[in-house]
Amino acid sequence: MFISVVIPTYNRQPILAKCLRAMEQQQLPADSPVADYEIVIVDDGSTDGTVAWLQESAVEFPHVRLFEQDHKGPAIARNFGVTEAKGDTIIFIDSDLVVLPDFLHHHGTALKKAYEEKGSDRVFTYGRVVNTCNFDDPTSEPFKVTDYSQAFFATGNVAIAKHWLEEAGLFDTQFQLYGWEDLELGVRLKKLGLSLVKVPEAVGYHWHPPFALDQVPRLIEQEMQRGRMGVLFYQKHPTWDVRLMIQMTWLHRVLWGVLSLGGRLNEQTLAPLLQWLIDSGRPQLALEVARVFLNWYNVQGVYAAYAEMEQQGA
């Protein structure tokens with residue numbers, strides 16, 4: 001098994017450095033099904049000096065192959081990476097993910113076992129993702145209830161035979177805003193009969209900066225974009241499962257409407273509480289509180305985009 005680790009990146013040089021150093025420290029035992037690996041970096045038009053830094057640091061990262069594109073988004077970047085990948089197996093991680101030394105070995109071992117049990121390679125593995133805001137020591141973060149994911153196919157930590165991605169048609173490049181391009185591909189993979197095998201041993205630590213109030217406008221914009229892309233997802237796959245995923249149901253509308261008091265609990269009215277939690281050393285709790293109005297914005301974005309779609313259809 002030769003693995004190509006595909007990593008799109010955009011203006012994340014400091015955490016990308018930690019990501020790549022961890023990838024270069026992979027340990028492959030003699031009995032590992034993973035023979036070797038490469039790291040395919042697709043820079044999505046970074047303006048923070050990422051490309052120059054990678055070129056200057058080439059000796060430190062012997063497994064890295066660097067490709068560049070104009071800023072077109074992660075879907076196009078991942079497709080580019082898969083096209084250029086030399087491996088028979090693709091692992092997708094994000095450029096803000098820091099893994100442990102046995103990461104590749106665990107994915108490879110789980111894939112080999114599943115192939116043997118099923119008699120085919122119609123399967124992919126999904127590792128554990130632990131969210132952390134500890135930049136200095138991200139891998140010290142414990143697994144939390146909020147880290148649990150029910151996603152079928154998410155590109156934060158997934159391994160799959162390359163030919164299945166090609167047969168499914170890769171990522172849909174219509175998803176140019178934030179969200180859903182990986183789960184939409186997952187729907188197509190499921191239709192091809194692929195199943196998911198969870199590998200909690202293949203753990204990655206997803207770093208993000210500690211929550212602060214100045215992040216709120218960007219987070220709201222992301223939720224509105226996610227709502228629009230959610231409707232595109234539903235257009236492609238008009239099923240109840242997709243409606244649940246994108247929160248386009250009366251239940252979600254009522255739930256977040258009630259919890260946010262019809263939008264009255266928002267970024268302005270909750271700002272004092274959020275700042276108090278941040279000042280008290282509880283930024284993660286502040287973010288969870290903020291999710292009340294962030295989800296409300298997401299649902300508003302979904303229904304606004306859906307109404308626009310129906311209007312255009314009429």
# chains A, B, ... in the order shown; residues from 1 in each chain; ligands from 1

call {"tool": "residues_around", "arguments": {"residues": "range 101-112 of chain A", "least_positions_apart": "6", "cutoff": "8 Å", "atoms": "only C-alpha atoms", "output": "number ranges by chain"}}
result
A: 1, 22-23, 25-29, 32-34, 121, 123-125, 127, 159, 197, 199, 201-204

call {"tool": "residues_around", "arguments": {"residues": "Leu54 in chain A", "least_positions_apart": "3", "cutoff": "10 Å", "atoms": "only C-alpha atoms", "output": "MDAnalysis selection string"}}
result
chainID A and resid 13 16:17 41 49:51 57:61 64:66

call {"tool": "closest_residue", "arguments": {"among": "A:Ala35, A:Val299, A:Val5, A:Val98", "to": "Ile160 in chain A", "atoms": "only C-alpha atoms"}}
result
A:Val5

call {"tool": "residues_around", "arguments": {"residues": "Gly262 in chain A", "least_positions_apart": "6", "cutoff": "10 Å", "atoms": "only C-alpha atoms", "output": "ChimeraX atom specification"}}
result
/A:253-256,293,296

call {"tool": "atom_distance", "arguments": {"atom1": "CA of Glu184 in chain A", "atom2": "CA of Leu165 in chain A"}}
result
12.3 Å

call {"tool": "closest_residue", "arguments": {"among": "A:Leu100, A:Leu170, A:Val158, A:Val130", "to": "Gly81 in chain A", "atoms": "only C-alpha atoms"}}
result
A:Leu170

call {"tool": "residues_around", "arguments": {"residues": "Trp276 in chain A", "least_positions_apart": "6", "cutoff": "12 Å", "atoms": "only C-alpha atoms", "output": "PyMOL selection string"}}
result
chain A and resi 212-213+270+282-283+285-286+289

call {"tool": "decode", "arguments": {"residues": "range 35-49 of chain A", "atoms": "all heavy atoms", "output": "PDB file, in the first residue's frame"}}
result
ATOM      1  N   ALA A  35       3.669   0.517   2.639  1.00  0.00           N
ATOM      2  CA  ALA A  35       5.056   0.401   2.177  1.00  0.00           C
ATOM      3  C   ALA A  35       5.768   1.751   2.214  1.00  0.00           C
ATOM      4  O   ALA A  35       6.931   1.838   2.609  1.00  0.00           O
ATOM      5  CB  ALA A  35       5.085  -0.163   0.757  1.00  0.00           C
ATOM      6  N   ASP A  36       5.055   2.796   1.820  1.00  0.00           N
ATOM      7  CA  ASP A  36       5.649   4.127   1.794  1.00  0.00           C
ATOM      8  C   ASP A  36       4.524   5.145   1.619  1.00  0.00           C
ATOM      9  O   ASP A  36       3.355   4.773   1.414  1.00  0.00           O
ATOM     10  CB  ASP A  36       6.670   4.254   0.661  1.00  0.00           C
ATOM     11  CG  ASP A  36       7.713   5.337   0.936  1.00  0.00           C
ATOM     12  OD1 ASP A  36       7.560   6.076   1.940  1.00  0.00           O
ATOM     13  OD2 ASP A  36       8.665   5.459   0.147  1.00  0.00           O
ATOM     14  N   TYR A  37       4.910   6.424   1.651  1.00  0.00           N
ATOM     15  CA  TYR A  37       3.894   7.472   1.520  1.00  0.00           C
ATOM     16  C   TYR A  37       4.503   8.747   0.959  1.00  0.00           C
ATOM     17  O   TYR A  37       5.712   8.935   0.964  1.00  0.00           O
ATOM     18  CB  TYR A  37       3.236   7.748   2.868  1.00  0.00           C
ATOM     19  CG  TYR A  37       4.120   8.414   3.910  1.00  0.00           C
ATOM     20  CD1 TYR A  37       4.018   9.783   4.168  1.00  0.00           C
ATOM     21  CD2 TYR A  37       5.048   7.682   4.648  1.00  0.00           C
ATOM     22  CE1 TYR A  37       4.811  10.392   5.123  1.00  0.00           C
ATOM     23  CE2 TYR A  37       5.838   8.279   5.617  1.00  0.00           C
ATOM     24  CZ  TYR A  37       5.722   9.640   5.848  1.00  0.00           C
ATOM     25  OH  TYR A  37       6.498  10.243   6.802  1.00  0.00           O
ATOM     26  N   GLU A  38       3.632   9.587   0.444  1.00  0.00           N
ATOM     27  CA  GLU A  38       3.985  10.930   0.011  1.00  0.00           C
ATOM     28  C   GLU A  38       2.978  11.904   0.594  1.00  0.00           C
ATOM     29  O   GLU A  38       1.883  11.504   1.015  1.00  0.00           O
ATOM     30  CB  GLU A  38       3.976  11.022  -1.524  1.00  0.00           C
ATOM     31  CG  GLU A  38       2.590  10.821  -2.124  1.00  0.00           C
ATOM     32  CD  GLU A  38       2.541  11.086  -3.633  1.00  0.00           C
ATOM     33  OE1 GLU A  38       3.580  11.415  -4.230  1.00  0.00           O
ATOM     34  OE2 GLU A  38       1.430  10.950  -4.209  1.00  0.00           O
ATOM     35  N   ILE A  39       3.366  13.169   0.649  1.00  0.00           N
ATOM     36  CA  ILE A  39       2.481  14.215   1.145  1.00  0.00           C
ATOM     37  C   ILE A  39       2.257  15.200   0.006  1.00  0.00           C
ATOM     38  O   ILE A  39       3.189  15.878  -0.423  1.00  0.00           O
ATOM     39  CB  ILE A  39       3.081  14.938   2.361  1.00  0.00           C
ATOM     40  CG1 ILE A  39       3.483  13.936   3.446  1.00  0.00           C
ATOM     41  CG2 ILE A  39       2.104  15.969   2.914  1.00  0.00           C
ATOM     42  CD1 ILE A  39       4.361  14.539   4.541  1.00  0.00           C
ATOM     43  N   VAL A  40       1.040  15.244  -0.512  1.00  0.00           N
ATOM     44  CA  VAL A  40       0.704  16.110  -1.642  1.00  0.00           C
ATOM     45  C   VAL A  40       0.071  17.391  -1.097  1.00  0.00           C
ATOM     46  O   VAL A  40      -1.077  17.385  -0.656  1.00  0.00           O
ATOM     47  CB  VAL A  40      -0.253  15.406  -2.622  1.00  0.00           C
ATOM     48  CG1 VAL A  40      -0.587  16.325  -3.799  1.00  0.00           C
ATOM     49  CG2 VAL A  40       0.359  14.093  -3.115  1.00  0.00           C
ATOM     50  N   ILE A  41       0.836  18.473  -1.121  1.00  0.00           N
ATOM     51  CA  ILE A  41       0.348  19.766  -0.662  1.00  0.00           C
ATOM     52  C   ILE A  41      -0.173  20.556  -1.862  1.00  0.00           C
ATOM     53  O   ILE A  41       0.546  20.724  -2.858  1.00  0.00           O
ATOM     54  CB  ILE A  41       1.457  20.580   0.023  1.00  0.00           C
ATOM     55  CG1 ILE A  41       1.960  19.868   1.277  1.00  0.00           C
ATOM     56  CG2 ILE A  41       0.955  21.988   0.374  1.00  0.00           C
ATOM     57  CD1 ILE A  41       0.990  19.881   2.419  1.00  0.00           C
ATOM     58  N   VAL A  42      -1.406  21.034  -1.766  1.00  0.00           N
ATOM     59  CA  VAL A  42      -1.947  21.920  -2.789  1.00  0.00           C
ATOM     60  C   VAL A  42      -2.187  23.274  -2.138  1.00  0.00           C
ATOM     61  O   VAL A  42      -3.102  23.424  -1.313  1.00  0.00           O
ATOM     62  CB  VAL A  42      -3.252  21.376  -3.401  1.00  0.00           C
ATOM     63  CG1 VAL A  42      -3.765  22.343  -4.480  1.00  0.00           C
ATOM     64  CG2 VAL A  42      -3.032  19.991  -4.001  1.00  0.00           C
ATOM     65  N   ASP A  43      -1.334  24.237  -2.481  1.00  0.00           N
ATOM     66  CA  ASP A  43      -1.516  25.573  -1.930  1.00  0.00           C
ATOM     67  C   ASP A  43      -2.581  26.304  -2.746  1.00  0.00           C
ATOM     68  O   ASP A  43      -2.453  26.460  -3.961  1.00  0.00           O
ATOM     69  CB  ASP A  43      -0.209  26.356  -1.954  1.00  0.00           C
ATOM     70  CG  ASP A  43      -0.391  27.716  -1.301  1.00  0.00           C
ATOM     71  OD1 ASP A  43      -0.347  27.784  -0.059  1.00  0.00           O
ATOM     72  OD2 ASP A  43      -0.622  28.708  -2.040  1.00  0.00           O
ATOM     73  N   ASP A  44      -3.616  26.754  -2.043  1.00  0.00           N
ATOM     74  CA  ASP A  44      -4.793  27.354  -2.688  1.00  0.00           C
ATOM     75  C   ASP A  44      -4.661  28.880  -2.759  1.00  0.00           C
ATOM     76  O   ASP A  44      -5.546  29.620  -2.344  1.00  0.00           O
ATOM     77  CB  ASP A  44      -6.049  26.947  -1.912  1.00  0.00           C
ATOM     78  CG  ASP A  44      -7.335  27.333  -2.615  1.00  0.00           C
ATOM     79  OD1 ASP A  44      -7.354  27.354  -3.860  1.00  0.00           O
ATOM     80  OD2 ASP A  44      -8.330  27.629  -1.909  1.00  0.00           O
ATOM     81  N   GLY A  45      -3.510  29.333  -3.268  1.00  0.00           N
ATOM     82  CA  GLY A  45      -3.319  30.770  -3.444  1.00  0.00           C
ATOM     83  C   GLY A  45      -2.984  31.526  -2.172  1.00  0.00           C
ATOM     84  O   GLY A  45      -3.395  32.684  -2.002  1.00  0.00           O
ATOM     85  N   SER A  46      -2.251  30.898  -1.257  1.00  0.00           N
ATOM     86  CA  SER A  46      -1.904  31.551   0.012  1.00  0.00           C
ATOM     87  C   SER A  46      -1.145  32.852  -0.224  1.00  0.00           C
ATOM     88  O   SER A  46      -0.357  32.974  -1.161  1.00  0.00           O
ATOM     89  CB  SER A  46      -1.049  30.619   0.872  1.00  0.00           C
ATOM     90  OG  SER A  46      -1.790  29.505   1.311  1.00  0.00           O
ATOM     91  N   THR A  47      -1.365  33.809   0.692  1.00  0.00           N
ATOM     92  CA  THR A  47      -0.684  35.101   0.614  1.00  0.00           C
ATOM     93  C   THR A  47       0.191  35.343   1.845  1.00  0.00           C
ATOM     94  O   THR A  47       0.646  36.466   2.073  1.00  0.00           O
ATOM     95  CB  THR A  47      -1.720  36.239   0.498  1.00  0.00           C
ATOM     96  OG1 THR A  47      -2.618  36.182   1.621  1.00  0.00           O
ATOM     97  CG2 THR A  47      -2.524  36.118  -0.789  1.00  0.00           C
ATOM     98  N   ASP A  48       0.400  34.299   2.643  1.00  0.00           N
ATOM     99  CA  ASP A  48       1.159  34.446   3.893  1.00  0.00           C
ATOM    100  C   ASP A  48       2.577  33.889   3.800  1.00  0.00           C
ATOM    101  O   ASP A  48       3.234  33.671   4.819  1.00  0.00           O
ATOM    102  CB  ASP A  48       0.420  33.765   5.045  1.00  0.00           C
ATOM    103  CG  ASP A  48       0.335  32.249   4.874  1.00  0.00           C
ATOM    104  OD1 ASP A  48       0.617  31.760   3.762  1.00  0.00           O
ATOM    105  OD2 ASP A  48      -0.005  31.557   5.850  1.00  0.00           O
ATOM    106  N   GLY A  49       3.053  33.648   2.581  1.00  0.00           N
ATOM    107  CA  GLY A  49       4.404  33.131   2.414  1.00  0.00           C
ATOM    108  C   GLY A  49       4.529  31.629   2.527  1.00  0.00           C
ATOM    109  O   GLY A  49       5.653  31.102   2.613  1.00  0.00           O
TER     110      GLY A  49
END
